[in-house]
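With PDB, C-alpha atoms inside, this is coords02.pdb:
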```
ATOM      1  CA  MET A   1     -20.390 -81.209  -2.381
ATOM      2  CA  THR A   2     -20.420 -79.020  -5.457
ATOM      3  CA  LEU A   3     -20.945 -75.814  -3.479
ATOM      4  CA  ARG A   4     -18.248 -76.814  -0.994
ATOM      5  CA  PHE A   5     -15.855 -77.595  -3.858
ATOM      6  CA  TRP A   6     -16.407 -74.215  -5.499
ATOM      7  CA  GLY A   7     -16.007 -72.443  -2.182
ATOM      8  CA  VAL A   8     -12.661 -74.102  -1.555
ATOM      9  CA  ALA A   9     -11.564 -73.424  -5.143
ATOM     10  CA  CYS A  10     -12.397 -69.731  -4.817
ATOM     11  CA  LEU A  11     -10.401 -69.490  -1.612
ATOM     12  CA  VAL A  12      -7.417 -71.154  -3.286
ATOM     13  CA  VAL A  13      -7.585 -68.833  -6.305
ATOM     14  CA  ALA A  14      -7.923 -65.777  -4.062
ATOM     15  CA  GLY A  15      -4.885 -66.885  -2.109
ATOM     16  CA  LEU A  16      -2.846 -67.353  -5.273
ATOM     17  CA  VAL A  17      -3.870 -63.916  -6.583
ATOM     18  CA  SER A  18      -2.951 -62.281  -3.267
ATOM     19  CA  ALA A  19       0.426 -63.999  -3.297
ATOM     20  CA  ALA A  20       1.059 -62.854  -6.863
ATOM     21  CA  LEU A  21       0.104 -59.280  -6.064
ATOM     22  CA  ALA A  22       2.414 -59.325  -3.077
ATOM     23  CA  GLN A  23       5.319 -59.947  -5.463
ATOM     24  CA  ILE A  24       4.542 -56.813  -7.537
ATOM     25  CA  PRO A  25       6.496 -53.801  -6.227
ATOM     26  CA  LEU A  26       4.252 -50.892  -5.369
ATOM     27  CA  PRO A  27       5.040 -47.514  -6.966
ATOM     28  CA  THR A  28       7.059 -45.178  -4.786
ATOM     29  CA  ALA A  29       7.256 -41.395  -4.787
ATOM     30  CA  ASN A  30      10.285 -40.292  -6.784
ATOM     31  CA  PRO A  31      11.910 -36.986  -5.859
ATOM     32  CA  GLN A  32      12.078 -34.377  -8.603
ATOM     33  CA  THR A  33      15.005 -35.104 -10.877
ATOM     34  CA  GLN A  34      17.656 -32.407 -10.755
ATOM     35  CA  PHE A  35      20.190 -31.770 -13.489
ATOM     36  CA  SER A  36      23.598 -30.146 -13.343
ATOM     37  CA  SER A  37      23.517 -29.187 -17.025
ATOM     38  CA  GLY A  38      21.726 -29.634 -20.327
ATOM     39  CA  GLN A  39      18.445 -28.011 -19.275
ATOM     40  CA  SER A  40      16.623 -24.877 -20.417
ATOM     41  CA  VAL A  41      16.583 -21.333 -19.058
ATOM     42  CA  VAL A  42      13.054 -20.055 -18.461
ATOM     43  CA  PRO A  43      12.425 -16.289 -18.650
ATOM     44  CA  VAL A  44       9.954 -15.055 -16.027
ATOM     45  CA  TYR A  45       7.655 -12.040 -16.210
ATOM     46  CA  GLU A  46       7.562 -10.475 -12.727
ATOM     47  CA  GLY A  47       5.080  -7.627 -13.318
ATOM     48  CA  TRP A  48       4.787  -4.032 -14.526
ATOM     49  CA  MET A  49       5.094  -0.544 -13.049
ATOM     50  CA  LYS A  50       3.726   2.851 -14.052
ATOM     51  CA  ASN A  51       6.365   5.570 -14.339
ATOM     52  CA  PRO A  52       5.869   9.233 -13.332
ATOM     53  CA  ASP A  53       6.184  10.370 -16.972
ATOM     54  CA  GLY A  54       3.286   8.145 -18.074
ATOM     55  CA  THR A  55       5.407   5.372 -19.566
ATOM     56  CA  PHE A  56       5.487   1.817 -18.223
ATOM     57  CA  THR A  57       8.178  -0.646 -17.187
ATOM     58  CA  PHE A  58       8.080  -4.425 -17.543
ATOM     59  CA  VAL A  59      10.198  -6.363 -15.030
ATOM     60  CA  PHE A  60      11.698  -9.778 -15.795
ATOM     61  CA  GLY A  61      13.660 -12.488 -14.042
ATOM     62  CA  TYR A  62      14.588 -16.020 -15.047
ATOM     63  CA  PHE A  63      14.890 -19.600 -13.849
ATOM     64  CA  ASN A  64      17.974 -21.509 -14.955
ATOM     65  CA  ARG A  65      16.921 -25.140 -14.562
ATOM     66  CA  ASN A  66      20.547 -26.243 -14.311
ATOM     67  CA  ARG A  67      22.134 -26.534 -10.893
ATOM     68  CA  LYS A  68      25.678 -25.917 -12.174
ATOM     69  CA  GLU A  69      25.673 -24.893 -15.838
ATOM     70  CA  GLU A  70      25.843 -21.120 -16.365
ATOM     71  CA  PRO A  71      25.015 -20.534 -20.034
ATOM     72  CA  VAL A  72      26.384 -17.575 -21.974
ATOM     73  CA  ILE A  73      23.701 -16.510 -24.478
ATOM     74  CA  PRO A  74      24.443 -13.284 -26.385
ATOM     75  CA  ALA A  75      21.552 -11.017 -27.317
ATOM     76  CA  GLY A  76      20.299 -12.143 -30.711
ATOM     77  CA  PRO A  77      18.328 -15.063 -32.174
ATOM     78  CA  ASN A  78      18.705 -17.175 -29.016
ATOM     79  CA  ASN A  79      18.127 -14.370 -26.508
ATOM     80  CA  LYS A  80      15.709 -11.772 -27.810
ATOM     81  CA  LEU A  81      12.732  -9.558 -27.084
ATOM     82  CA  GLU A  82       9.875  -8.964 -29.506
ATOM     83  CA  PRO A  83       8.513  -6.742 -30.940
ATOM     84  CA  GLY A  84      11.213  -4.143 -31.455
ATOM     85  CA  PRO A  85      14.968  -4.472 -30.948
ATOM     86  CA  ALA A  86      16.092  -7.944 -29.903
ATOM     87  CA  ASP A  87      18.627  -6.443 -27.487
ATOM     88  CA  ARG A  88      16.905  -4.561 -24.656
ATOM     89  CA  GLY A  89      19.681  -4.918 -22.094
ATOM     90  CA  GLN A  90      18.681  -8.419 -20.975
ATOM     91  CA  PRO A  91      21.242 -10.610 -19.190
ATOM     92  CA  THR A  92      23.586 -12.705 -21.304
ATOM     93  CA  PHE A  93      25.133 -14.706 -18.450
ATOM     94  CA  PHE A  94      22.685 -16.895 -16.546
ATOM     95  CA  LEU A  95      23.306 -17.920 -12.950
ATOM     96  CA  PRO A  96      21.856 -21.222 -11.721
ATOM     97  CA  ARG A  97      18.301 -21.523 -10.411
ATOM     98  CA  ARG A  98      15.761 -18.735  -9.787
ATOM     99  CA  GLN A  99      16.947 -15.145 -10.257
ATOM    100  CA  PRO A 100      14.049 -12.677  -9.765
ATOM    101  CA  TRP A 101      13.740  -8.977 -10.646
ATOM    102  CA  VAL A 102      16.791  -9.052 -12.929
ATOM    103  CA  PHE A 103      16.102  -6.481 -15.659
ATOM    104  CA  ARG A 104      13.578  -3.970 -16.930
ATOM    105  CA  VAL A 105      12.204  -2.799 -20.247
ATOM    106  CA  GLN A 106      10.519   0.591 -20.566
ATOM    107  CA  VAL A 107       7.642   0.896 -23.033
ATOM    108  CA  PRO A 108       5.816   4.047 -24.215
ATOM    109  CA  ALA A 109       2.671   5.471 -22.659
ATOM    110  CA  ASP A 110       0.535   4.289 -25.584
ATOM    111  CA  TRP A 111       1.692   0.661 -25.297
ATOM    112  CA  GLY A 112      -1.813  -0.511 -24.396
ATOM    113  CA  GLN A 113      -2.436  -4.251 -24.124
ATOM    114  CA  LYS A 114       0.306  -5.398 -26.484
ATOM    115  CA  GLU A 115       2.605  -8.220 -25.371
ATOM    116  CA  LEU A 116       6.369  -8.030 -24.993
ATOM    117  CA  VAL A 117       7.889 -11.487 -25.407
ATOM    118  CA  TRP A 118      11.306 -12.572 -24.101
ATOM    119  CA  SER A 119      12.598 -15.778 -25.720
ATOM    120  CA  ILE A 120      15.623 -17.800 -24.589
ATOM    121  CA  THR A 121      16.982 -20.793 -26.494
ATOM    122  CA  VAL A 122      19.680 -22.999 -24.977
ATOM    123  CA  ASN A 123      20.465 -26.722 -25.057
ATOM    124  CA  GLY A 124      17.966 -27.148 -27.893
ATOM    125  CA  LYS A 125      15.027 -25.811 -25.865
ATOM    126  CA  THR A 126      13.179 -22.500 -26.308
ATOM    127  CA  GLU A 127      11.297 -20.890 -23.420
ATOM    128  CA  ARG A 128       9.257 -17.665 -23.481
ATOM    129  CA  ALA A 129       7.811 -15.106 -21.081
ATOM    130  CA  TYR A 130       4.853 -12.943 -22.102
ATOM    131  CA  ALA A 131       4.624  -9.485 -20.529
ATOM    132  CA  GLN A 132       1.327  -7.617 -20.575
ATOM    133  CA  MET A 133      -0.179  -4.887 -18.404
ATOM    134  CA  ILE A 134      -2.747  -6.932 -16.504
ATOM    135  CA  LEU A 135      -4.156  -5.069 -13.499
ATOM    136  CA  GLU A 136      -3.408  -7.874 -11.029
ATOM    137  CA  GLU A 137       0.259  -7.929 -12.078
ATOM    138  CA  GLU A 138       1.074  -4.311 -11.244
ATOM    139  CA  ILE A 139       3.982  -4.074  -8.798
ATOM    140  CA  LEU A 140       5.743  -1.332  -6.843
ATOM    141  CA  GLU A 141       9.419  -0.404  -6.681
ATOM    142  CA  ARG A 142       9.515  -1.122  -2.963
ATOM    143  CA  MET A 143       8.295  -4.671  -3.564
ATOM    144  CA  ILE A 144      11.357  -5.247  -5.747
ATOM    145  CA  MET A 145      13.680  -3.745  -3.142
ATOM    146  CA  ALA A 146      12.102  -6.085  -0.559
ATOM    147  CA  ARG A 147      12.495  -9.104  -2.893
ATOM    148  CA  GLY A 148       8.754  -9.562  -3.213
ATOM    149  CA  ASN A 149       7.909  -9.265   0.476
ATOM    150  CA  LEU A 150       4.778  -7.435   1.549
ATOM    151  CA  ASN A 151       5.019  -3.675   1.162
ATOM    152  CA  PRO A 152       5.016  -2.096   4.663
ATOM    153  CA  GLY A 153       3.857   1.212   3.187
ATOM    154  CA  GLU A 154       5.379   4.622   2.700
ATOM    155  CA  ASP A 155       5.450   5.193   6.476
ATOM    156  CA  ASP A 156       8.115   2.522   6.908
ATOM    157  CA  PRO A 157      11.179   4.397   8.216
ATOM    158  CA  ASN A 158      13.681   2.055   6.548
ATOM    159  CA  LYS A 159      15.253   3.426   3.383
ATOM    160  CA  PRO A 160      17.203   1.293   0.893
ATOM    161  CA  PRO A 161      20.991   1.527   0.864
ATOM    162  CA  THR A 162      22.738   3.519  -1.841
ATOM    163  CA  VAL A 163      25.561   1.838  -3.727
ATOM    164  CA  THR A 164      28.080   3.011  -6.307
ATOM    165  CA  ILE A 165      30.998   1.219  -7.960
ATOM    166  CA  ALA A 166      34.332   2.900  -8.568
ATOM    167  CA  PRO A 167      35.390   2.703 -12.254
ATOM    168  CA  VAL A 168      38.274   0.428 -13.218
ATOM    169  CA  THR A 169      40.647   0.533 -16.179
ATOM    170  CA  GLY A 170      43.387  -1.642 -17.579
ATOM    171  CA  ALA A 171      41.685  -4.994 -17.005
ATOM    172  CA  THR A 172      43.557  -7.863 -18.685
ATOM    173  CA  LEU A 173      43.534 -11.637 -18.597
ATOM    174  CA  ALA A 174      46.856 -11.664 -16.784
ATOM    175  CA  ASN A 175      45.908  -9.251 -14.020
ATOM    176  CA  PRO A 176      42.824  -9.547 -11.798
ATOM    177  CA  VAL A 177      41.052  -6.309 -10.911
ATOM    178  CA  THR A 178      39.761  -5.070  -7.582
ATOM    179  CA  LEU A 179      36.186  -3.801  -7.665
ATOM    180  CA  THR A 180      34.989  -1.581  -4.835
ATOM    181  CA  ALA A 181      31.373  -0.877  -3.955
ATOM    182  CA  THR A 182      30.768   2.191  -1.792
ATOM    183  CA  VAL A 183      27.633   1.836   0.328
ATOM    184  CA  THR A 184      25.714   4.178   2.623
ATOM    185  CA  ASP A 185      22.597   3.412   4.646
ATOM    186  CA  ASP A 186      20.300   4.857   7.301
ATOM    187  CA  GLY A 187      21.162   2.128   9.821
ATOM    188  CA  LEU A 188      17.750   0.475   9.614
ATOM    189  CA  PRO A 189      16.852  -2.205  10.355
ATOM    190  CA  LYS A 190      19.203  -2.779  13.256
ATOM    191  CA  PRO A 191      21.612  -5.658  12.535
ATOM    192  CA  ARG A 192      20.616  -8.962  14.064
ATOM    193  CA  VAL A 193      22.921 -10.371  16.715
ATOM    194  CA  PRO A 194      24.288 -13.728  15.495
ATOM    195  CA  LYS A 195      23.297 -16.615  17.721
ATOM    196  CA  THR A 196      26.113 -18.365  19.516
ATOM    197  CA  PRO A 197      26.452 -21.899  18.089
ATOM    198  CA  SER A 198      25.160 -24.465  20.563
ATOM    199  CA  PRO A 199      27.626 -27.163  21.654
ATOM    200  CA  ASP A 200      27.014 -30.726  20.581
ATOM    201  CA  ALA A 201      27.278 -33.825  22.760
ATOM    202  CA  ASN A 202      31.078 -33.639  22.641
ATOM    203  CA  GLY A 203      31.122 -30.055  23.830
ATOM    204  CA  THR A 204      32.229 -28.573  20.486
ATOM    205  CA  ALA A 205      30.297 -25.788  18.799
ATOM    206  CA  GLN A 206      28.229 -26.655  15.751
ATOM    207  CA  VAL A 207      28.845 -24.576  12.623
ATOM    208  CA  ASN A 208      27.323 -24.589   9.174
ATOM    209  CA  ASN A 209      28.980 -26.273   6.214
ATOM    210  CA  SER A 210      30.435 -23.034   4.887
ATOM    211  CA  GLY A 211      32.632 -22.666   7.935
ATOM    212  CA  ARG A 212      31.808 -18.958   8.308
ATOM    213  CA  LEU A 213      28.976 -16.836   9.629
ATOM    214  CA  LEU A 214      27.087 -14.766   7.073
ATOM    215  CA  PRO A 215      26.926 -11.017   7.750
ATOM    216  CA  THR A 216      23.709  -9.881   9.412
ATOM    217  CA  GLY A 217      24.004  -6.130   8.767
ATOM    218  CA  LEU A 218      24.837  -4.061   5.702
ATOM    219  CA  ASN A 219      26.393  -6.296   3.038
ATOM    220  CA  VAL A 220      27.114  -6.562  -0.689
ATOM    221  CA  THR A 221      26.881  -9.533  -3.042
ATOM    222  CA  TRP A 222      28.804  -9.359  -6.319
ATOM    223  CA  TYR A 223      27.547 -11.251  -9.361
ATOM    224  CA  GLN A 224      27.877 -11.392 -13.132
ATOM    225  CA  TYR A 225      25.149 -10.080 -15.432
ATOM    226  CA  GLY A 226      26.792 -10.364 -18.840
ATOM    227  CA  GLY A 227      29.996 -11.210 -20.654
ATOM    228  CA  PRO A 228      31.574 -13.754 -22.995
ATOM    229  CA  ALA A 229      32.804 -16.078 -20.216
ATOM    230  CA  LYS A 230      32.484 -16.718 -16.505
ATOM    231  CA  VAL A 231      34.082 -14.239 -14.087
ATOM    232  CA  ASP A 232      35.695 -15.655 -10.955
ATOM    233  CA  PHE A 233      35.145 -13.588  -7.799
ATOM    234  CA  ASP A 234      37.286 -14.248  -4.743
ATOM    235  CA  SER A 235      34.088 -14.083  -2.653
ATOM    236  CA  THR A 236      30.837 -15.625  -3.884
ATOM    237  CA  GLY A 237      28.566 -14.701  -0.988
ATOM    238  CA  PRO A 238      27.566 -11.595   0.961
ATOM    239  CA  ILE A 239      30.479  -9.366   1.983
ATOM    240  CA  ALA A 240      30.082  -7.280   5.123
ATOM    241  CA  VAL A 241      30.451  -3.559   4.434
ATOM    242  CA  SER A 242      33.423  -2.165   6.322
ATOM    243  CA  ASN A 243      34.111   1.573   6.493
ATOM    244  CA  GLY A 244      31.485   2.060   3.809
ATOM    245  CA  ARG A 245      33.160  -0.261   1.299
ATOM    246  CA  ALA A 246      32.853  -3.832   0.033
ATOM    247  CA  PRO A 247      35.753  -4.798  -2.271
ATOM    248  CA  VAL A 248      36.113  -7.961  -4.327
ATOM    249  CA  THR A 249      38.755  -9.315  -6.704
ATOM    250  CA  ALA A 250      37.598 -10.423 -10.164
ATOM    251  CA  ARG A 251      39.529 -12.656 -12.562
ATOM    252  CA  PHE A 252      38.682 -12.919 -16.258
ATOM    253  CA  THR A 253      39.263 -15.888 -18.549
ATOM    254  CA  ALA A 254      38.403 -14.360 -21.940
ATOM    255  CA  PRO A 255      38.689 -10.909 -23.515
ATOM    256  CA  GLY A 256      35.538  -8.896 -24.089
ATOM    257  CA  THR A 257      32.995  -6.661 -22.393
ATOM    258  CA  TYR A 258      31.547  -7.708 -19.047
ATOM    259  CA  ILE A 259      28.685  -6.335 -16.957
ATOM    260  CA  LEU A 260      29.056  -6.920 -13.220
ATOM    261  CA  ARG A 261      26.687  -5.971 -10.434
ATOM    262  CA  ALA A 262      26.943  -5.191  -6.736
ATOM    263  CA  LEU A 263      23.759  -5.855  -4.767
ATOM    264  CA  ALA A 264      23.684  -3.964  -1.463
ATOM    265  CA  SER A 265      21.314  -5.128   1.279
ATOM    266  CA  ASP A 266      20.552  -3.749   4.732
ATOM    267  CA  GLY A 267      18.657  -6.895   5.728
ATOM    268  CA  GLY A 268      15.287  -5.455   4.745
ATOM    269  CA  LEU A 269      15.734  -3.624   1.452
ATOM    270  CA  GLN A 270      18.289  -3.887  -1.317
ATOM    271  CA  LYS A 271      19.606  -1.875  -4.245
ATOM    272  CA  ALA A 272      21.983  -2.751  -7.080
ATOM    273  CA  ALA A 273      24.593  -0.909  -9.110
ATOM    274  CA  GLU A 274      26.480  -2.169 -12.134
ATOM    275  CA  ILE A 275      29.747  -1.576 -13.899
ATOM    276  CA  THR A 276      30.961  -2.368 -17.413
ATOM    277  CA  VAL A 277      34.506  -3.733 -17.613
ATOM    278  CA  THR A 278      36.406  -4.133 -20.885
ATOM    279  CA  VAL A 279      39.036  -6.860 -20.751
ATOM    280  CA  LYS A 280      41.871  -6.998 -23.283
TER     281      LYS A 280
END
```
Structure rendered as structure tokens:
Amino acid sequence: MTLRFWGVACLVVAGLVSAALAQIPLPTANPQTQFSSGQSVVPVYEGWMKNPDGTFTFVFGYFNRNRKEEPVIPAGPNNKLEPGPADRGQPTFFLPRRQPWVFRVQVPADWGQKELVWSITVNGKTERAYAQMILEEEILERMIMARGNLNPGEDDPNKPPTVTIAPVTGATLANPVTLTATVTDDGLPKPRVPKTPSPDANGTAQVNNSGRLLPTGLNVTWYQYGGPAKVDFDSTGPIAVSNGRAPVTARFTAPGTYILRALASDGGLQKAAEITVTVK
């Protein structure tokens, strides 16, 4: 009787424990939290290159953790490089998310194994990137032009596009300015033929959310590199080059000096040019 009693009691207790555990919610996988603003900007060391004159170049990018906020951080205590001058031409306007291969710093031939540190402080958070000439981090110019893709070698017939920006004067807050990038290319690679959208069940063609097809050949993307306030472009995506030109209209909301860039791409390689605009 005693053994039977304890056996029944154990079964009852086990049942109660199982019922209690069934009431406890199991942990679930939470997606990574994303923030529109209030987060840090992380400088990124991309690698180093050896120059023909014996000097070296460090290449940096950054990761703005915010999905919408575009911080303006002037060169100085909150946006600096060390050792040496704090201002080395680094960006002062930070676009959202990952922006690779953004700027370069040349160092002398006798730099050795010293570190060059880029520090960015915003929203109460300081992030740093440490640049050093480690053998495994050596990169080539063509890797940058290919946005980090594998280098096909010097025998690759494709050459990067060339791009220049016509100077502008008389920029004011009241009057937007037209910026024009002039682009030439060797025609390689051949432009891809856009696929015809497939009809859905109702017989209507499906299109992407933007409502327009992105250019598949030679194109230019305009973006802001520096300045005291955000610049509004009338086109925020790739612009197809027509008759060798890719114009855009820029509107300014604050006086000051702005650095704007035009990034030309032939679908395989890309090259950038920049212009400084003074707004009164």
Handout entry: Residue nearest A:Pro74 - candidates A:Ala129, A:Val44, A:Ala229, A:Val177, atoms counted: all atoms listed in the file
Key = A:Ala229
Please enclose the listed atoms of stretch 259-268 of chain A in an axis-aligned box, pad each side by 3 Å, and write out the centre and the three edge lengths in Å, rounded to one decimal, as lines of an AutoDock Vina configuration file.
```
center_x = 22.2
center_y = -5.3
center_z = -5.6
size_x = 19.8
size_y = 9.2
size_z = 28.7
```
Exercise for the section: Could you tell me how far atom CA of A:Asn243 lies from atom CA of A:Ala181, in Å and to one decimal? Expected result: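 Computing the Euclidean distance for atom CA of A:Asn243 and atom CA of A:Ala181 yields 11.1 Å.
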Exercise for the section: Would you mind telling me which residue in A:Arg142, A:Arg128, A:Arg98, A:Lys230 lies nearest to A:Phe63 when using all atoms listed in the file? Expected result: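 Once distances to A:Phe63 are computed over all atoms listed in the file, the minimum belongs to A:Arg98.
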Handout entry: Residue members of the PyMOL selection byres ((chain A and resi 165) around 7) in the file shown, as a list in words
Key =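 Given this file, the PyMOL selection byres ((chain A and resi 165) around 7) evaluates to Val163, Thr164, Ala166, Pro167, Thr180, Ala181, Thr182, Ala273 and Ile275 of chain A.
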Practice task
Report the residues retrieved by the PyMOL selection byres ((chain A and resi 267) around 9) from the displayed file, expressed as an MDAnalysis selection string.
Solution key: chainID A and resid 188:192 216:219 265:266 268:270
For the residues in that selection, give me C-alpha atoms as an mmCIF file, in the frame of the given file.
```
data_model
loop_
_atom_site.group_PDB
_atom_site.id
_atom_site.type_symbol
_atom_site.label_atom_id
_atom_site.label_comp_id
_atom_site.auth_asym_id
_atom_site.auth_seq_id
_atom_site.Cartn_x
_atom_site.Cartn_y
_atom_site.Cartn_z
ATOM 1 C CA LEU A 188 17.750 0.475 9.614
ATOM 2 C CA PRO A 189 16.852 -2.205 10.355
ATOM 3 C CA LYS A 190 19.203 -2.779 13.256
ATOM 4 C CA PRO A 191 21.612 -5.658 12.535
ATOM 5 C CA ARG A 192 20.616 -8.962 14.064
ATOM 6 C CA THR A 216 23.709 -9.881 9.412
ATOM 7 C CA GLY A 217 24.004 -6.130 8.767
ATOM 8 C CA LEU A 218 24.837 -4.061 5.702
ATOM 9 C CA ASN A 219 26.393 -6.296 3.038
ATOM 10 C CA SER A 265 21.314 -5.128 1.279
ATOM 11 C CA ASP A 266 20.552 -3.749 4.732
ATOM 12 C CA GLY A 268 15.287 -5.455 4.745
ATOM 13 C CA LEU A 269 15.734 -3.624 1.452
ATOM 14 C CA GLN A 270 18.289 -3.887 -1.317
#
```
Problem - Computed interatomic separation between atom CA of A:Phe252 and atom CA of A:Pro91 (Å) - result: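 That distance, rounded to one decimal, is 17.8 Å.
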Practice task
Using all atoms listed in the file, collect all residues at a distance of at most 6 Å from (35.3, -3.1, -19.2) as written in the file, then present them as a PyMOL selection string.
Solution key: chain A and resi 257-258+276-279
Practice task
Tell me, as a list in words, which residues lie within 7 Å of A:Glu127, counting only C-alpha atoms; anything in the same chain fewer than 5 positions away does not count.
Solution key: Val41, Val42, Pro43, Ser119, Ile120 and Thr121 of chain A
Can you tell me, as a PDB file with C-alpha atoms, in the frame of the given file, what residues are no more than 8 Å from A:Gln99 when counting only C-alpha atoms, ignoring any on the same chain fewer than 6 positions away?
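Contents of the output file part_21.pdb:
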```
ATOM      1  CA  GLY A  61      13.660 -12.488 -14.042  1.00  0.00           C
ATOM      2  CA  TYR A  62      14.588 -16.020 -15.047  1.00  0.00           C
ATOM      3  CA  PHE A  63      14.890 -19.600 -13.849  1.00  0.00           C
ATOM      4  CA  ASN A  64      17.974 -21.509 -14.955  1.00  0.00           C
TER       5      ASN A  64
END
```
Exercise for the section: Give me, please, the distance in Å between atom CA of A:Val122 and atom CA of A:Val59, quoted to one decimal. Expected result: 21.6 Å
Exercise for the section: Have a look at A:Ser242, A:Gln132, A:Asn149, A:Ser40 and name the one nearest to A:Thr184; count only C-alpha atoms. Expected result: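 So, comparing all the options, the nearest one is A:Ser242.
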Problem - Residue with smallest distance to A:Ile134 - pool A:Tyr45, A:Ala86, A:Pro161, A:Val117, counting all atoms listed in the file - result: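 The answer is A:Tyr45, which sits nearest to A:Ile134.
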Applied to the shown file, which residues does the PyMOL selection byres ((chain A and resi 95) around 8) return, written as a PDB file with C-alpha atoms, in the frame of the given file?
```pdb
ATOM      1  CA  ASN A  64      17.974 -21.509 -14.955  1.00  0.00           C
ATOM      2  CA  GLU A  69      25.673 -24.893 -15.838  1.00  0.00           C
ATOM      3  CA  GLU A  70      25.843 -21.120 -16.365  1.00  0.00           C
ATOM      4  CA  PRO A  71      25.015 -20.534 -20.034  1.00  0.00           C
ATOM      5  CA  PHE A  93      25.133 -14.706 -18.450  1.00  0.00           C
ATOM      6  CA  PHE A  94      22.685 -16.895 -16.546  1.00  0.00           C
ATOM      7  CA  PRO A  96      21.856 -21.222 -11.721  1.00  0.00           C
ATOM      8  CA  ARG A  97      18.301 -21.523 -10.411  1.00  0.00           C
ATOM      9  CA  GLN A  99      16.947 -15.145 -10.257  1.00  0.00           C
ATOM     10  CA  GLN A 224      27.877 -11.392 -13.132  1.00  0.00           C
TER      11      GLN A 224
END
```
Handout entry: Best match for closeness to A:Asn78 among A:Thr92, A:Lys271, A:Phe58, A:Ala250, counting only C-alpha atoms
Key =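 Using only C-alpha atoms, the shortest distance to A:Asn78 belongs to A:Thr92.
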Problem - Nearest-residue call for A:Arg147, choices A:Val248, A:Leu263, A:Gly226, A:Ala174, using all atoms listed in the file - result: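 Among the listed residues, A:Leu263 lies closest to A:Arg147.
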Could you add whatever atoms are missing so that stretch 72-86 of chain A carries N, CA and C atoms, then write the result as a CSV table (one decimal), keeping the file's coordinate frame?
```csv
chain,number,residue,atom,x,y,z
A,72,VAL,N,26.1,-18.9,-21.4
A,72,VAL,CA,26.4,-17.6,-22.0
A,72,VAL,C,25.6,-17.5,-23.3
A,73,ILE,N,24.6,-16.6,-23.3
A,73,ILE,CA,23.7,-16.5,-24.5
A,73,ILE,C,23.7,-15.1,-24.9
A,74,PRO,N,24.4,-14.7,-25.9
A,74,PRO,CA,24.4,-13.3,-26.4
A,74,PRO,C,23.1,-12.9,-26.9
A,75,ALA,N,22.8,-11.6,-26.8
A,75,ALA,CA,21.6,-11.0,-27.3
A,75,ALA,C,21.5,-11.3,-28.8
A,76,GLY,N,20.4,-11.8,-29.3
A,76,GLY,CA,20.3,-12.1,-30.7
A,76,GLY,C,19.2,-13.2,-30.9
A,77,PRO,N,19.4,-14.1,-31.9
A,77,PRO,CA,18.3,-15.1,-32.2
A,77,PRO,C,18.0,-16.0,-31.0
A,78,ASN,N,19.0,-16.3,-30.1
A,78,ASN,CA,18.7,-17.2,-29.0
A,78,ASN,C,18.4,-16.5,-27.7
A,79,ASN,N,18.4,-15.1,-27.7
A,79,ASN,CA,18.1,-14.4,-26.5
A,79,ASN,C,17.6,-13.0,-27.0
A,80,LYS,N,16.3,-12.9,-27.1
A,80,LYS,CA,15.7,-11.8,-27.8
A,80,LYS,C,14.4,-11.4,-27.2
A,81,LEU,N,14.0,-10.1,-27.4
A,81,LEU,CA,12.7,-9.6,-27.1
A,81,LEU,C,12.0,-9.1,-28.4
A,82,GLU,N,10.7,-9.3,-28.4
A,82,GLU,CA,9.9,-9.0,-29.5
A,82,GLU,C,8.6,-8.4,-29.0
A,83,PRO,N,8.0,-7.4,-29.7
A,83,PRO,CA,8.5,-6.7,-30.9
A,83,PRO,C,9.6,-5.7,-30.6
A,84,GLY,N,10.2,-5.2,-31.7
A,84,GLY,CA,11.2,-4.1,-31.5
A,84,GLY,C,12.6,-4.7,-31.4
A,85,PRO,N,13.6,-4.0,-31.0
A,85,PRO,CA,15.0,-4.5,-30.9
A,85,PRO,C,15.1,-5.8,-30.1
A,86,ALA,N,15.9,-6.7,-30.6
A,86,ALA,CA,16.1,-7.9,-29.9
A,86,ALA,C,16.9,-7.7,-28.6
```
